[in-house]
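Coordinates as given in coords_29.txt (compact mmCIF, C-alpha atoms):
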```txt
# COMPACT_ATOMS: atom_id res chain seq x y z
CA MET G 1 -31.54 33.36 36.95
CA SER G 2 -32.62 30.82 34.36
CA VAL G 3 -29.94 29.10 32.30
CA SER G 4 -31.74 30.39 29.20
CA ASP G 5 -31.12 33.96 30.38
CA LEU G 6 -27.33 33.57 30.45
CA ARG G 7 -25.78 35.45 27.57
CA GLN G 8 -22.85 37.72 26.79
CA SER G 9 -22.36 40.43 24.18
CA TYR G 10 -19.13 39.94 22.23
CA GLU G 11 -17.55 43.26 21.32
CA LYS G 12 -13.77 42.97 21.77
CA SER G 13 -12.52 42.53 18.21
CA VAL G 14 -13.28 41.84 14.55
CA LEU G 15 -12.02 39.37 11.94
CA LEU G 16 -12.06 40.61 8.36
CA GLU G 17 -10.86 39.04 5.13
CA GLU G 18 -8.61 41.98 4.26
CA THR G 19 -6.64 41.67 7.50
CA ALA G 20 -6.62 37.87 7.89
CA ALA G 21 -3.38 36.06 7.11
CA ALA G 22 -3.20 34.22 3.80
CA SER G 23 -2.02 31.09 5.62
CA PRO G 24 -4.18 29.52 8.35
CA LEU G 25 -1.05 28.47 10.23
CA GLU G 26 0.09 32.10 10.28
CA GLN G 27 -3.35 33.20 11.48
CA PHE G 28 -3.35 30.52 14.18
CA SER G 29 0.15 31.49 15.31
CA LEU G 30 -0.92 35.14 15.57
CA TRP G 31 -3.99 34.32 17.64
CA PHE G 32 -2.08 31.84 19.81
CA ASP G 33 0.58 34.47 20.57
CA GLN G 34 -2.15 36.96 21.45
CA ALA G 35 -3.74 34.39 23.79
CA LEU G 36 -0.36 33.97 25.49
CA GLN G 37 0.10 37.73 25.80
CA ALA G 38 -3.42 38.09 27.22
CA LYS G 39 -2.60 35.38 29.79
CA VAL G 40 -5.58 33.29 28.75
CA PRO G 41 -5.67 30.29 31.14
CA GLU G 42 -4.14 27.24 29.45
CA PRO G 43 -4.22 28.60 25.89
CA ASN G 44 -2.81 25.25 24.72
CA ALA G 45 -5.92 23.38 25.92
CA MET G 46 -8.10 22.08 23.09
CA THR G 47 -11.12 19.85 22.70
CA LEU G 48 -10.30 16.74 20.68
CA ALA G 49 -13.29 15.06 19.00
CA THR G 50 -13.06 11.51 17.65
CA VAL G 51 -15.50 8.92 16.30
CA ASP G 52 -15.39 5.18 16.93
CA ASN G 53 -16.12 2.34 14.52
CA THR G 54 -19.86 2.47 15.31
CA GLY G 55 -20.16 6.19 14.56
CA GLN G 56 -20.30 7.22 18.23
CA PRO G 57 -18.54 10.59 18.74
CA SER G 58 -16.50 11.39 21.84
CA ALA G 59 -14.79 14.59 22.98
CA ARG G 60 -12.29 15.51 25.69
CA THR G 61 -9.83 18.27 26.53
CA VAL G 62 -6.15 17.61 25.79
CA LEU G 63 -3.07 19.82 25.53
CA ILE G 64 -1.38 20.69 22.25
CA LYS G 65 2.37 20.14 22.50
CA GLY G 66 3.52 21.49 19.16
CA PHE G 67 2.33 22.85 15.83
CA ASP G 68 4.00 23.68 12.55
CA ALA G 69 3.41 23.29 8.82
CA ARG G 70 3.13 19.51 9.30
CA GLY G 71 0.22 19.73 11.75
CA PHE G 72 -0.82 19.80 15.41
CA VAL G 73 0.72 17.36 17.90
CA PHE G 74 -0.63 15.88 21.12
CA PHE G 75 0.39 12.87 23.21
CA THR G 76 -1.63 10.12 24.87
CA ASN G 77 -1.99 6.43 25.61
CA TYR G 78 -2.51 4.61 22.30
CA GLU G 79 -4.79 2.11 24.09
CA SER G 80 -7.11 4.79 25.52
CA ARG G 81 -10.59 5.39 24.15
CA LYS G 82 -9.29 8.16 21.90
CA GLY G 83 -6.48 5.87 20.74
CA ARG G 84 -8.93 3.12 19.86
CA ASP G 85 -11.15 5.63 18.07
CA LEU G 86 -8.24 6.96 16.03
CA LEU G 87 -7.15 3.46 15.09
CA ALA G 88 -10.64 2.71 13.74
CA ASN G 89 -11.22 6.14 12.19
CA PRO G 90 -8.05 8.25 11.73
CA ARG G 91 -9.87 11.57 11.38
CA ALA G 92 -10.47 14.09 14.15
CA ALA G 93 -11.41 17.67 14.98
CA LEU G 94 -9.83 20.17 17.37
CA LEU G 95 -11.42 23.17 19.07
CA PHE G 96 -9.58 25.98 20.84
CA PHE G 97 -11.79 28.35 22.86
CA TRP G 98 -10.11 31.50 24.16
CA GLN G 99 -13.05 33.02 26.03
CA PRO G 100 -11.29 36.18 27.30
CA LEU G 101 -10.58 37.10 23.66
CA GLU G 102 -14.03 35.93 22.46
CA ARG G 103 -12.38 33.61 19.94
CA GLN G 104 -12.59 30.02 18.77
CA VAL G 105 -10.52 28.06 16.28
CA ARG G 106 -11.84 24.84 14.73
CA ILE G 107 -9.46 22.50 12.90
CA GLU G 108 -10.39 19.28 11.09
CA GLY G 109 -8.01 16.80 9.57
CA VAL G 110 -6.47 13.36 9.29
CA ILE G 111 -4.44 11.70 12.02
CA GLU G 112 -1.01 10.12 11.82
CA LYS G 113 1.28 8.90 14.58
CA ALA G 114 4.23 11.09 15.48
CA SER G 115 7.62 9.47 15.01
CA ALA G 116 9.18 7.40 17.80
CA GLU G 117 11.92 10.02 18.04
CA GLU G 118 9.37 12.81 18.62
CA SER G 119 7.54 10.73 21.22
CA ASP G 120 10.78 9.82 23.00
CA ALA G 121 11.95 13.43 23.09
CA TYR G 122 8.71 14.72 24.57
CA PHE G 123 8.33 11.82 27.02
CA HIS G 124 11.77 12.41 28.50
CA SER G 125 11.06 16.15 28.87
CA ARG G 126 8.10 15.44 31.19
CA PRO G 127 8.27 15.55 35.01
CA LEU G 128 9.12 12.21 36.60
CA GLY G 129 5.63 11.82 38.06
CA SER G 130 4.06 12.19 34.63
CA ARG G 131 6.43 9.63 33.13
CA LEU G 132 5.61 7.11 35.85
CA GLY G 133 1.92 7.93 35.45
CA ALA G 134 2.10 6.93 31.80
CA TRP G 135 3.10 3.44 32.98
CA ALA G 136 0.66 3.30 35.89
CA SER G 137 -2.46 4.35 33.99
CA GLU G 138 -4.25 1.84 31.79
CA GLN G 139 -6.11 4.83 30.42
CA SER G 140 -9.89 4.57 30.03
CA GLN G 141 -10.02 1.20 31.87
CA PRO G 142 -11.92 0.82 35.18
CA ILE G 143 -9.68 1.00 38.25
CA THR G 144 -9.84 1.94 41.95
CA ARG G 145 -7.74 4.75 43.38
CA ALA G 146 -5.86 2.25 45.58
CA GLU G 147 -5.05 0.09 42.55
CA LEU G 148 -3.81 3.11 40.60
CA GLU G 149 -1.53 4.24 43.41
CA ALA G 150 -0.22 0.70 43.85
CA ARG G 151 0.61 0.49 40.16
CA GLU G 152 2.43 3.83 40.32
CA GLN G 153 4.51 2.57 43.27
CA THR G 154 5.30 -0.66 41.43
CA PHE G 155 6.68 1.20 38.41
CA ARG G 156 8.51 3.70 40.62
CA GLU G 157 10.33 0.80 42.26
CA ARG G 158 10.99 -0.87 38.92
CA TYR G 159 12.31 2.13 36.99
CA GLY G 160 13.42 4.67 39.62
CA ASP G 161 13.95 8.08 38.08
CA GLN G 162 14.67 6.81 34.55
CA PRO G 163 11.49 5.18 33.22
CA PRO G 164 11.60 4.46 29.48
CA ARG G 165 8.74 5.53 27.25
CA PRO G 166 5.97 2.91 27.37
CA PRO G 167 5.36 1.23 24.00
CA HIS G 168 1.66 2.10 24.35
CA TRP G 169 2.26 5.84 24.79
CA GLY G 170 3.23 8.48 22.24
CA GLY G 171 2.22 11.25 19.91
CA TYR G 172 -0.37 11.88 17.24
CA ARG G 173 -0.31 14.60 14.61
CA LEU G 174 -3.48 16.06 13.11
CA VAL G 175 -2.76 17.12 9.52
CA PRO G 176 -5.30 19.89 8.82
CA THR G 177 -7.79 19.83 5.95
CA LEU G 178 -9.94 22.70 7.29
CA PHE G 179 -9.54 25.69 9.61
CA GLU G 180 -12.28 27.97 10.89
CA PHE G 181 -11.52 31.14 12.86
CA TRP G 182 -14.43 32.56 14.90
CA GLN G 183 -14.49 36.02 16.42
CA GLY G 184 -17.44 36.95 18.58
CA ARG G 185 -19.34 40.06 17.48
CA ALA G 186 -22.28 42.08 18.83
CA SER G 187 -25.86 40.91 18.18
CA ARG G 188 -24.57 37.40 17.42
CA LEU G 189 -23.34 38.60 14.00
CA HIS G 190 -20.06 36.78 14.56
CA ASP G 191 -17.13 36.66 12.13
CA ARG G 192 -16.38 33.16 10.78
CA LEU G 193 -13.58 32.75 8.26
CA ARG G 194 -12.95 29.30 6.81
CA TYR G 195 -9.73 28.13 5.15
CA LEU G 196 -9.84 25.19 2.71
CA PRO G 197 -7.09 23.81 0.46
CA ASP G 198 -7.21 25.56 -2.93
CA GLY G 199 -5.82 22.58 -4.85
CA GLN G 200 -2.65 24.46 -5.75
CA GLY G 201 -0.73 24.10 -2.49
CA GLY G 202 -2.34 27.12 -0.83
CA TRP G 203 -5.54 27.97 0.97
CA ALA G 204 -8.80 29.62 -0.09
CA ILE G 205 -10.71 31.78 2.42
CA ASP G 206 -14.46 32.27 2.59
CA ARG G 207 -16.87 33.71 5.14
CA LEU G 208 -19.54 31.60 6.81
CA SER G 209 -22.83 32.94 8.07
CA PRO G 210 -22.86 33.06 11.88
```

Encoded form using structure tokens:
Amino acid sequence: MSVSDLRQSYEKSVLLEETAAASPLEQFSLWFDQALQAKVPEPNAMTLATVDNTGQPSARTVLIKGFDARGFVFFTNYESRKGRDLLANPRAALLFFWQPLERQVRIEGVIEKASAEESDAYFHSRPLGSRLGAWASEQSQPITRAELEAREQTFRERYGDQPPRPPHWGGYRLVPTLFEFWQGRASRLHDRLRYLPDGQGGWAIDRLSP
């Protein structure tokens, strides 16, 4: 079969203005809960898109670790490629794709660092191997497997089972300025509802052509 022949008809659900939540956070929470209930694999996985100081975009999959009215939180090495991008251009986009439900959520916004207290709390909740890995990995820098394992052993011997949070590792929060909820529909006539700030502390909803 040719790649061009691969296609799927989306017919599982609909997304209408009259049933959508007034708040995009409420709509996201509803869909996220439904993804959990449907046992979608890794429903907290999202594509994070950034742009560097030359205009070059980059995207990768990361895991969301919290969301509320303040925004969407993820954690990483501040010296990684994404960290360098966000330092140069503190704007980003997120994409959740829940294929079994035929749904996507796009979120755009501005980036701020999470507080040291938030980063500490999450870091110390991680498995020991992940905490040591945050020290061992000079993320996005060239390295051999042997060098990486040697670094992990060095920090294991140095810190034992109580490694502190590295100063180069912590959280970011994306503060949303746009949400788009996408529900697959038959004949590619998909539902796309966009939420934008209404200038009065709320959100305005419009429909985008698929």

Using only C-alpha atoms, which residues sit within 12 Å of Pro57 (chain G) once same-chain residues fewer than 3 positions away are excluded, as a ChimeraX atom specification?
/G:48-54,60,81-82,85-86,89,91-93

CA of Lys39 (chain G) to CA of Arg185 (chain G) measures 21.3 Å

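Using all atoms listed in the file for every distance, the candidate list G:Gly133, G:Gly171, G:Gly202, G:Pro210 yields G:Gly133 as the residue closest to Tyr159 (chain G).
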
For this session: Would you list the contacts of Gln104 (chain G) as a PyMOL selection string, taking every protein, DNA or RNA residue within 9 Å and counting all atoms listed in the file, but skipping same-chain residues closer than 6 positions in sequence?
Result: chain G and resi 95-98+180-184

Listing only residues of region 18-116 of chain G within 12 Å of region 121-126 of chain G, what is the closest atom pair and its distance in Å (to one decimal) for each, using all atoms listed in the file, sorted by chain and residue number ascending, as JSON lines?
```
{"residue": "G:Ile64", "atom": "CA", "partner": "G:Tyr122", "partner_atom": "CA", "distance": 12.0}
{"residue": "G:Lys65", "atom": "CA", "partner": "G:Tyr122", "partner_atom": "CA", "distance": 8.6}
{"residue": "G:Gly66", "atom": "CA", "partner": "G:Tyr122", "partner_atom": "CA", "distance": 10.1}
{"residue": "G:Val73", "atom": "CA", "partner": "G:Tyr122", "partner_atom": "CA", "distance": 10.7}
{"residue": "G:Phe74", "atom": "CA", "partner": "G:Tyr122", "partner_atom": "CA", "distance": 10.0}
{"residue": "G:Phe75", "atom": "CA", "partner": "G:Tyr122", "partner_atom": "CA", "distance": 8.6}
{"residue": "G:Thr76", "atom": "CA", "partner": "G:Phe123", "partner_atom": "CA", "distance": 10.3}
{"residue": "G:Asn77", "atom": "CA", "partner": "G:Phe123", "partner_atom": "CA", "distance": 11.7}
{"residue": "G:Ala114", "atom": "CA", "partner": "G:Tyr122", "partner_atom": "CA", "distance": 10.8}
{"residue": "G:Ser115", "atom": "CA", "partner": "G:Ala121", "partner_atom": "CA", "distance": 10.0}
{"residue": "G:Ala116", "atom": "CA", "partner": "G:Ala121", "partner_atom": "CA", "distance": 8.5}
```

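One distance worth recording is that between CA of Arg158 (chain G) and CA of Ala146 (chain G), which is 18.4 Å.
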
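Going from CA of Leu148 (chain G) to CA of Arg173 (chain G) covers 28.6 Å.
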
If you count all atoms listed in the file, the residue of G:Phe32, G:Tyr10, G:Phe155, G:Tyr172 closest to Ala136 (chain G) turns out to be G:Phe155

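Residues in contact with Val40 (chain G) at 9 Å, where all atoms listed in the file are counted and same-chain residues fewer than 3 positions away are skipped, are listed as Gln34, Ala35, Leu36, Gln37, Pro43, Trp98, Gln99, Pro100 and Leu101 of chain G.
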
So for region 177-181 of chain G, what box centre and size do we get, axis-aligned, 4 Å extra on each of the six sides, every listed atom, Å to one decimal, as JSON?
```
{"center_x": -10.0, "center_y": 25.5, "center_z": 9.4, "size_x": 12.5, "size_y": 19.3, "size_z": 14.9}
```

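Using only C-alpha atoms, the shortest contact distance between Asn44 (chain G) and any of G:Ser119, G:Gln56, G:Ser29, G:Gln153 is found at G:Ser29.
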
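In terms of minimum interatomic distance to Ile111 (chain G), G:Val175 ranks closest within G:Ala134, G:Pro142, G:Gly170, G:Val175, counting all atoms listed in the file.
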
Across G:Thr61, G:Glu138, G:Trp31, G:Glu26, the smallest distance to Ser80 (chain G), with only C-alpha atoms counted, is shown by G:Glu138

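Minimum atom-to-atom distance to Pro127 (chain G), evaluated using all atoms listed in the file, belongs to G:Asp161 out of G:Ile205, G:Phe67, G:His190, G:Asp161.
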
Mind completing region 127-146 of chain G with N, CA, C and O atoms? Output as a PDB file, in the coordinates of the input, please?
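Full text of result19.pdb as output:
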```pdb
ATOM      1  N   PRO G 127       7.904  15.812  33.608  1.00  0.00           N
ATOM      2  CA  PRO G 127       8.270  15.550  35.010  1.00  0.00           C
ATOM      3  C   PRO G 127       8.234  14.054  35.305  1.00  0.00           C
ATOM      4  O   PRO G 127       7.478  13.298  34.680  1.00  0.00           O
ATOM      5  N   LEU G 128       9.033  13.628  36.274  1.00  0.00           N
ATOM      6  CA  LEU G 128       9.120  12.210  36.600  1.00  0.00           C
ATOM      7  C   LEU G 128       7.750  11.624  36.929  1.00  0.00           C
ATOM      8  O   LEU G 128       7.413  10.514  36.479  1.00  0.00           O
ATOM      9  N   GLY G 129       6.942  12.345  37.702  1.00  0.00           N
ATOM     10  CA  GLY G 129       5.630  11.820  38.060  1.00  0.00           C
ATOM     11  C   GLY G 129       4.761  11.536  36.856  1.00  0.00           C
ATOM     12  O   GLY G 129       4.026  10.544  36.831  1.00  0.00           O
ATOM     13  N   SER G 130       4.849  12.397  35.845  1.00  0.00           N
ATOM     14  CA  SER G 130       4.060  12.190  34.630  1.00  0.00           C
ATOM     15  C   SER G 130       4.564  10.994  33.841  1.00  0.00           C
ATOM     16  O   SER G 130       3.769  10.249  33.246  1.00  0.00           O
ATOM     17  N   ARG G 131       5.873  10.802  33.830  1.00  0.00           N
ATOM     18  CA  ARG G 131       6.430   9.630  33.130  1.00  0.00           C
ATOM     19  C   ARG G 131       6.018   8.332  33.802  1.00  0.00           C
ATOM     20  O   ARG G 131       5.643   7.366  33.129  1.00  0.00           O
ATOM     21  N   LEU G 132       6.062   8.306  35.137  1.00  0.00           N
ATOM     22  CA  LEU G 132       5.610   7.110  35.850  1.00  0.00           C
ATOM     23  C   LEU G 132       4.111   6.913  35.682  1.00  0.00           C
ATOM     24  O   LEU G 132       3.626   5.790  35.564  1.00  0.00           O
ATOM     25  N   GLY G 133       3.366   8.023  35.639  1.00  0.00           N
ATOM     26  CA  GLY G 133       1.920   7.930  35.450  1.00  0.00           C
ATOM     27  C   GLY G 133       1.543   7.303  34.128  1.00  0.00           C
ATOM     28  O   GLY G 133       0.513   6.623  34.022  1.00  0.00           O
ATOM     29  N   ALA G 134       2.375   7.530  33.098  1.00  0.00           N
ATOM     30  CA  ALA G 134       2.100   6.930  31.800  1.00  0.00           C
ATOM     31  C   ALA G 134       2.178   5.399  31.864  1.00  0.00           C
ATOM     32  O   ALA G 134       1.500   4.701  31.112  1.00  0.00           O
ATOM     33  N   TRP G 135       3.029   4.876  32.756  1.00  0.00           N
ATOM     34  CA  TRP G 135       3.100   3.440  32.980  1.00  0.00           C
ATOM     35  C   TRP G 135       1.948   2.965  33.868  1.00  0.00           C
ATOM     36  O   TRP G 135       1.366   1.911  33.636  1.00  0.00           O
ATOM     37  N   ALA G 136       1.640   3.736  34.901  1.00  0.00           N
ATOM     38  CA  ALA G 136       0.660   3.300  35.890  1.00  0.00           C
ATOM     39  C   ALA G 136      -0.761   3.270  35.341  1.00  0.00           C
ATOM     40  O   ALA G 136      -1.576   2.426  35.733  1.00  0.00           O
ATOM     41  N   SER G 137      -1.086   4.197  34.455  1.00  0.00           N
ATOM     42  CA  SER G 137      -2.460   4.350  33.990  1.00  0.00           C
ATOM     43  C   SER G 137      -2.762   3.483  32.778  1.00  0.00           C
ATOM     44  O   SER G 137      -2.167   3.665  31.715  1.00  0.00           O
ATOM     45  N   GLU G 138      -3.681   2.554  32.942  1.00  0.00           N
ATOM     46  CA  GLU G 138      -4.250   1.840  31.790  1.00  0.00           C
ATOM     47  C   GLU G 138      -5.445   2.683  31.338  1.00  0.00           C
ATOM     48  O   GLU G 138      -6.598   2.360  31.602  1.00  0.00           O
ATOM     49  N   GLN G 139      -5.154   3.745  30.645  1.00  0.00           N
ATOM     50  CA  GLN G 139      -6.110   4.830  30.420  1.00  0.00           C
ATOM     51  C   GLN G 139      -7.425   4.339  29.850  1.00  0.00           C
ATOM     52  O   GLN G 139      -7.451   3.533  28.920  1.00  0.00           O
ATOM     53  N   SER G 140      -8.503   4.849  30.420  1.00  0.00           N
ATOM     54  CA  SER G 140      -9.890   4.570  30.030  1.00  0.00           C
ATOM     55  C   SER G 140     -10.401   3.231  30.552  1.00  0.00           C
ATOM     56  O   SER G 140     -11.563   2.881  30.296  1.00  0.00           O
ATOM     57  N   GLN G 141      -9.579   2.462  31.294  1.00  0.00           N
ATOM     58  CA  GLN G 141     -10.020   1.200  31.870  1.00  0.00           C
ATOM     59  C   GLN G 141     -10.457   1.409  33.312  1.00  0.00           C
ATOM     60  O   GLN G 141      -9.878   2.224  34.031  1.00  0.00           O
ATOM     61  N   PRO G 142     -11.476   0.681  33.782  1.00  0.00           N
ATOM     62  CA  PRO G 142     -11.920   0.820  35.180  1.00  0.00           C
ATOM     63  C   PRO G 142     -10.798   0.470  36.151  1.00  0.00           C
ATOM     64  O   PRO G 142     -10.019  -0.479  35.921  1.00  0.00           O
ATOM     65  N   ILE G 143     -10.715   1.236  37.241  1.00  0.00           N
ATOM     66  CA  ILE G 143      -9.680   1.000  38.250  1.00  0.00           C
ATOM     67  C   ILE G 143     -10.086   1.721  39.538  1.00  0.00           C
ATOM     68  O   ILE G 143     -10.825   2.716  39.492  1.00  0.00           O
ATOM     69  N   THR G 144      -9.638   1.215  40.702  1.00  0.00           N
ATOM     70  CA  THR G 144      -9.840   1.940  41.950  1.00  0.00           C
ATOM     71  C   THR G 144      -8.644   2.860  42.189  1.00  0.00           C
ATOM     72  O   THR G 144      -7.576   2.672  41.607  1.00  0.00           O
ATOM     73  N   ARG G 145      -8.854   3.847  43.054  1.00  0.00           N
ATOM     74  CA  ARG G 145      -7.740   4.750  43.380  1.00  0.00           C
ATOM     75  C   ARG G 145      -6.592   3.986  44.028  1.00  0.00           C
ATOM     76  O   ARG G 145      -5.421   4.230  43.722  1.00  0.00           O
ATOM     77  N   ALA G 146      -6.908   3.033  44.912  1.00  0.00           N
ATOM     78  CA  ALA G 146      -5.860   2.250  45.580  1.00  0.00           C
ATOM     79  C   ALA G 146      -5.063   1.442  44.558  1.00  0.00           C
ATOM     80  O   ALA G 146      -3.832   1.348  44.656  1.00  0.00           O
TER      81      ALA G 146
END
```
